[in-house]
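Trainee: Structure provided below as structure tokens; questions to follow.
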Amino acid sequence: MLKVGYIGLGLMGKSIARNILKAGFPLFVHNRSRAAVDELVAEGAVAASTPAVVAAQVDVVFTNLPDTPDVEKVILGERGIIEGAHHGLICVDNSTIKPGAARMIAEKLAERNVSALDAPVSGGDIGARNGTLTIMVGGDASALEKAMPVFLAMGKTVTHVGDAGAGQVAKAANQIMVAAQMVAMGELLVFAKKAGVDPRKVVDAIKGGAAQCWTLDVKPPRLFDGNRNPGFKARMQLKDLRIIQETAKEYDIPISGTEANTRLFQQMIDLGMGELDNSAVVGVIEKLAGVEILD
């Protein structure tokens, strides 16, 4: 049985770590704040004082952190994973970060005989809780094969996309589509409402046709109940869109639709909506249109 470490016990990380623990893997955990650590320790995990201490005791160590600088610090910084590195360790990052950073981290860890997998996830808090995440992986295929039993405790779909950084490219592509769907859904709900038609009935009418998608199946019922709490926070959606912008600039890729969607999510943050669900981008569209879908 592989010994597993998990660092970063936020909205999704704690649920992922819990599923790894439920699958029977010995689990060592570390987090900046203590409450989530104590919760998992009560369920059978072992607390570790630093990322280096986690890495020294496990076969596979996972990170799930807010942004690129956080991942670089926890993996490569003082008392980071690299200081607890040992031959054969596999370091897996579930965060969404810049593809170039994922490649740099993999190179640095390879110098210490550590295999790196960039393995961002999709499926939100619900997928993390239910163990049904979609996981896109970049890095060495043999390392993924060794760690696969742990991945299968986390998600229902695990795809090896390519070499280091490929998982992050796939996640960026995923977030292009997610942002577009959230904005399009917000626009169609407001469009229906302001044109004098019940948006609930519009959703019922179109979700069985060509417009059908996960977003249209899952999000409208929550919005119609007045629930705009996260799932996936709008400020994190904006962070991912910034990663897409920077990567697109690096490779000279046109992303005009994503640029427009990024401006709407920036408006969300400017309006104090950053802690709401990314589907709450409908709130910006409501303000622009002067109508609310629940009027």
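Ordered as shown in the structure tokens, chains take letters A, B, and onward, while each chain numbers its residues from 1 and ligands are numbered from 1 in the order shown.
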Find the residues around Ile20 (chain A) up to 8 Å (only C-alpha atoms counted), leave out those fewer than 3 positions away in its own chain, and share them as number ranges by chain.
Mentor: A: 16-17, 23-25, 27, 150, 153-154
Trainee: Give me the residues within 9 Å of region 79-92 of chain A as a VMD selection string, counting only C-alpha atoms and dropping any in the same chain fewer than 5 places off.
Mentor: chain A and resid 50 to 64 72 to 74 106 108 to 109 112 to 119 143 to 144 146 to 147
Trainee: Could you write out that same residue set with N, CA, C and O atoms as a compact mmCIF listing (two decimals), in the first residue's frame?
Mentor:
```
# COMPACT_ATOMS: atom_id res chain seq x y z
N THR A 50 5.77 20.22 8.22
CA THR A 50 6.19 20.96 7.02
C THR A 50 6.01 20.08 5.79
O THR A 50 5.91 18.85 5.89
N PRO A 51 6.01 20.68 4.59
CA PRO A 51 5.99 19.86 3.37
C PRO A 51 7.17 18.91 3.27
O PRO A 51 7.02 17.78 2.78
N ALA A 52 8.34 19.33 3.76
CA ALA A 52 9.51 18.46 3.73
C ALA A 52 9.29 17.21 4.57
O ALA A 52 9.67 16.10 4.17
N VAL A 53 8.67 17.37 5.72
CA VAL A 53 8.40 16.23 6.60
C VAL A 53 7.41 15.28 5.93
O VAL A 53 7.55 14.05 6.01
N VAL A 54 6.40 15.83 5.26
CA VAL A 54 5.46 14.98 4.53
C VAL A 54 6.21 14.16 3.49
O VAL A 54 6.09 12.93 3.43
N ALA A 55 7.00 14.83 2.65
CA ALA A 55 7.68 14.17 1.54
C ALA A 55 8.60 13.05 2.02
O ALA A 55 8.69 12.01 1.37
N ALA A 56 9.26 13.28 3.13
CA ALA A 56 10.23 12.30 3.64
C ALA A 56 9.58 10.99 4.06
O ALA A 56 10.25 9.95 4.12
N GLN A 57 8.27 11.02 4.33
CA GLN A 57 7.61 9.84 4.89
C GLN A 57 6.73 9.09 3.91
O GLN A 57 6.15 8.06 4.27
N VAL A 58 6.61 9.58 2.66
CA VAL A 58 5.61 9.00 1.76
C VAL A 58 6.22 8.56 0.43
O VAL A 58 7.36 8.91 0.09
N ASP A 59 5.41 7.82 -0.32
CA ASP A 59 5.79 7.40 -1.67
C ASP A 59 5.28 8.39 -2.72
O ASP A 59 5.91 8.59 -3.76
N VAL A 60 4.11 8.96 -2.43
CA VAL A 60 3.48 9.93 -3.35
C VAL A 60 3.00 11.11 -2.52
O VAL A 60 2.30 10.93 -1.52
N VAL A 61 3.38 12.33 -2.94
CA VAL A 61 2.93 13.52 -2.23
C VAL A 61 2.17 14.42 -3.20
O VAL A 61 2.63 14.68 -4.31
N PHE A 62 0.98 14.84 -2.77
CA PHE A 62 0.12 15.70 -3.57
C PHE A 62 0.12 17.12 -3.02
O PHE A 62 0.21 17.31 -1.80
N THR A 63 -0.01 18.09 -3.92
CA THR A 63 -0.22 19.48 -3.51
C THR A 63 -1.50 19.98 -4.17
O THR A 63 -1.83 19.59 -5.30
N ASN A 64 -2.20 20.86 -3.46
CA ASN A 64 -3.40 21.49 -4.01
C ASN A 64 -3.46 22.89 -3.43
O ASN A 64 -3.95 23.08 -2.31
N GLU A 72 5.21 26.74 -6.20
CA GLU A 72 6.68 26.84 -6.28
C GLU A 72 7.28 26.88 -4.88
O GLU A 72 8.31 26.22 -4.61
N LYS A 73 6.66 27.63 -3.97
CA LYS A 73 7.18 27.74 -2.60
C LYS A 73 7.09 26.42 -1.85
O LYS A 73 8.06 25.98 -1.21
N VAL A 74 5.94 25.77 -1.94
CA VAL A 74 5.74 24.53 -1.18
C VAL A 74 6.60 23.39 -1.72
O VAL A 74 7.09 22.56 -0.95
N ALA A 106 9.15 20.24 -12.68
CA ALA A 106 9.50 18.87 -13.05
C ALA A 106 11.00 18.74 -13.28
O ALA A 106 11.62 17.74 -12.87
N LYS A 108 13.40 20.62 -11.96
CA LYS A 108 14.10 20.75 -10.68
C LYS A 108 14.00 19.46 -9.86
O LYS A 108 14.97 19.02 -9.24
N LEU A 109 12.82 18.85 -9.85
CA LEU A 109 12.64 17.63 -9.08
C LEU A 109 13.39 16.46 -9.70
O LEU A 109 13.90 15.58 -8.98
N ARG A 112 16.68 15.65 -8.43
CA ARG A 112 16.71 14.95 -7.14
C ARG A 112 16.09 13.56 -7.24
O ARG A 112 15.74 12.96 -6.22
N ASN A 113 15.98 13.05 -8.46
CA ASN A 113 15.41 11.71 -8.70
C ASN A 113 13.96 11.60 -8.24
O ASN A 113 13.52 10.54 -7.78
N VAL A 114 13.23 12.71 -8.34
CA VAL A 114 11.81 12.74 -8.01
C VAL A 114 11.01 12.92 -9.30
O VAL A 114 11.33 13.79 -10.11
N SER A 115 9.98 12.09 -9.48
CA SER A 115 9.10 12.21 -10.64
C SER A 115 8.00 13.21 -10.33
O SER A 115 7.41 13.18 -9.25
N ALA A 116 7.72 14.10 -11.28
CA ALA A 116 6.68 15.11 -11.10
C ALA A 116 5.53 14.85 -12.07
O ALA A 116 5.76 14.58 -13.25
N LEU A 117 4.31 14.95 -11.55
CA LEU A 117 3.11 14.88 -12.38
C LEU A 117 2.29 16.13 -12.14
O LEU A 117 1.95 16.43 -10.99
N ASP A 118 2.01 16.89 -13.19
CA ASP A 118 1.03 17.97 -13.06
C ASP A 118 -0.33 17.36 -13.37
O ASP A 118 -0.54 16.83 -14.45
N ALA A 119 -1.22 17.42 -12.39
CA ALA A 119 -2.48 16.69 -12.48
C ALA A 119 -3.64 17.54 -11.99
O ALA A 119 -4.30 17.21 -10.99
N ALA A 143 5.41 6.86 -13.77
CA ALA A 143 5.07 7.42 -12.46
C ALA A 143 3.56 7.46 -12.27
O ALA A 143 3.04 7.16 -11.19
N LEU A 144 2.83 7.80 -13.34
CA LEU A 144 1.38 7.80 -13.26
C LEU A 144 0.85 6.40 -13.01
O LEU A 144 -0.06 6.20 -12.19
N LYS A 146 2.29 4.00 -11.40
CA LYS A 146 2.55 3.65 -10.01
C LYS A 146 1.54 4.33 -9.08
O LYS A 146 1.06 3.73 -8.11
N ALA A 147 1.23 5.58 -9.38
CA ALA A 147 0.33 6.36 -8.51
C ALA A 147 -1.14 6.14 -8.84
O ALA A 147 -2.01 6.63 -8.11
```
Trainee: For Gln245 (chain A), please output as a list in words all residues within 8 Å (counting only C-alpha atoms; exclusion window: fewer than 3 positions along the same chain).
Mentor: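 Contacts, in chain order: Leu241, Arg242, Ala248, Lys249, Ile255 and Glu259 of chain A.
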Trainee: Pick out the residues sitting within 8 Å of Leu9 (chain A), and hand them over as a PyMOL selection string; count only C-alpha atoms, and ignore anything fewer than 4 positions along from it in its own chain.
Mentor: chain A and resi 13-15+17+30-31+36-37+64
Trainee: At a cut-off of 12 Å, using only C-alpha atoms, what residues contact Ala172 (chain A)? Leave out same-chain residues fewer than 6 positions from it and give the result as a PyMOL selection string.
Mentor: chain A and resi 95-99+119-122+136+165-166+178-179+237-248+255+258
Trainee: Create the file for the chosen residues now, containing C-alpha atoms and written as a short mmCIF file (atom, residue, chain, number, x, y, z; two decimals), in the first residue's frame.
Mentor:
```cif
data_model
loop_
_atom_site.label_atom_id
_atom_site.label_comp_id
_atom_site.auth_asym_id
_atom_site.auth_seq_id
_atom_site.Cartn_x
_atom_site.Cartn_y
_atom_site.Cartn_z
CA SER A 95 -3.38 22.84 -8.46
CA THR A 96 -4.05 24.88 -11.59
CA ILE A 97 -0.85 26.75 -12.44
CA LYS A 98 1.11 28.01 -15.43
CA PRO A 99 2.22 25.19 -17.78
CA ALA A 119 -2.48 16.69 -12.48
CA PRO A 120 -5.06 19.48 -12.27
CA VAL A 121 -8.65 18.44 -11.70
CA SER A 122 -12.09 19.41 -12.90
CA MET A 136 -5.68 15.51 -16.65
CA GLY A 165 3.07 20.70 -18.39
CA ALA A 166 0.58 18.93 -20.64
CA VAL A 178 -16.00 26.57 -18.42
CA ALA A 179 -15.82 30.37 -18.50
CA GLN A 237 -11.92 31.33 -12.23
CA LEU A 238 -10.34 34.73 -12.88
CA LYS A 239 -6.95 33.44 -11.73
CA ASP A 240 -7.22 30.59 -14.23
CA LEU A 241 -8.23 32.98 -17.00
CA ARG A 242 -5.12 35.06 -16.27
CA ILE A 243 -3.02 31.90 -16.66
CA ILE A 244 -4.70 31.32 -20.03
CA GLN A 245 -3.98 34.90 -21.10
CA GLU A 246 -0.30 34.65 -20.15
CA THR A 247 0.12 31.30 -21.88
CA ALA A 248 -1.72 32.52 -24.99
CA ILE A 255 -8.35 34.12 -27.57
CA THR A 258 -11.77 34.37 -23.48
#
```
Trainee: Counting only C-alpha atoms, figure out which residue out of A:Gly139, A:Gly257, A:Gly272, A:Gly290 gets nearest to Lys193 (chain A).
Mentor: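 Closest residue, counting only C-alpha atoms: A:Gly290.
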Trainee: CA of Gln212 (chain A) and CA of Glu187 (chain A) are how many Å apart?
Mentor: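 Separating CA of Gln212 (chain A) from CA of Glu187 (chain A) is a distance of 15.3 Å.
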Trainee: Apply DSSP to the backbone of this structure and, from region 9-247 of chain A, keep only the residues in strand (DSSP E); write these as a VMD selection string.
Mentor: chain A and resid 27 to 30 46 to 47 60 to 63 90 to 93 115 to 118 121 to 122 133 to 139 155 to 162
Trainee: Kindly give the distance, in Å, that separates CA of Lys22 (chain A) and CA of Ala42 (chain A), rounded to a single decimal.
Mentor: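 One can read the CA of Lys22 (chain A) to CA of Ala42 (chain A) distance as 12.7 Å.
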Trainee: Give the answer as one residue: which of A:Asn94, A:Asn229, A:Thr215, A:Ser279 has the shortest atom-to-atom distance to Pro66 (chain A), using only C-alpha atoms?
Mentor: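 Closest candidate: A:Asn94.
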Trainee: I'd like the contact shell of Ile285 (chain A) - 9 Å cut-off, only C-alpha atoms, skipping same-chain residues fewer than 2 positions apart - returned as a PyMOL selection string.
Mentor: chain A and resi 183+186-187+190+264+281-283+287-292
Trainee: Considering only C-alpha atoms, can you say which of A:Met12, A:Leu276, A:Leu223, A:Ala47 comes closest to Leu294 (chain A)?
Mentor: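 Under the stated criterion, the closest residue is A:Leu223.
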Trainee: Identify all residues of region 103-182 of chain A in alpha helix (DSSP H) (DSSP on the backbone) and supply them as a PyMOL selection string.
Mentor: chain A and resi 103-110+124-130+141-154+166-182
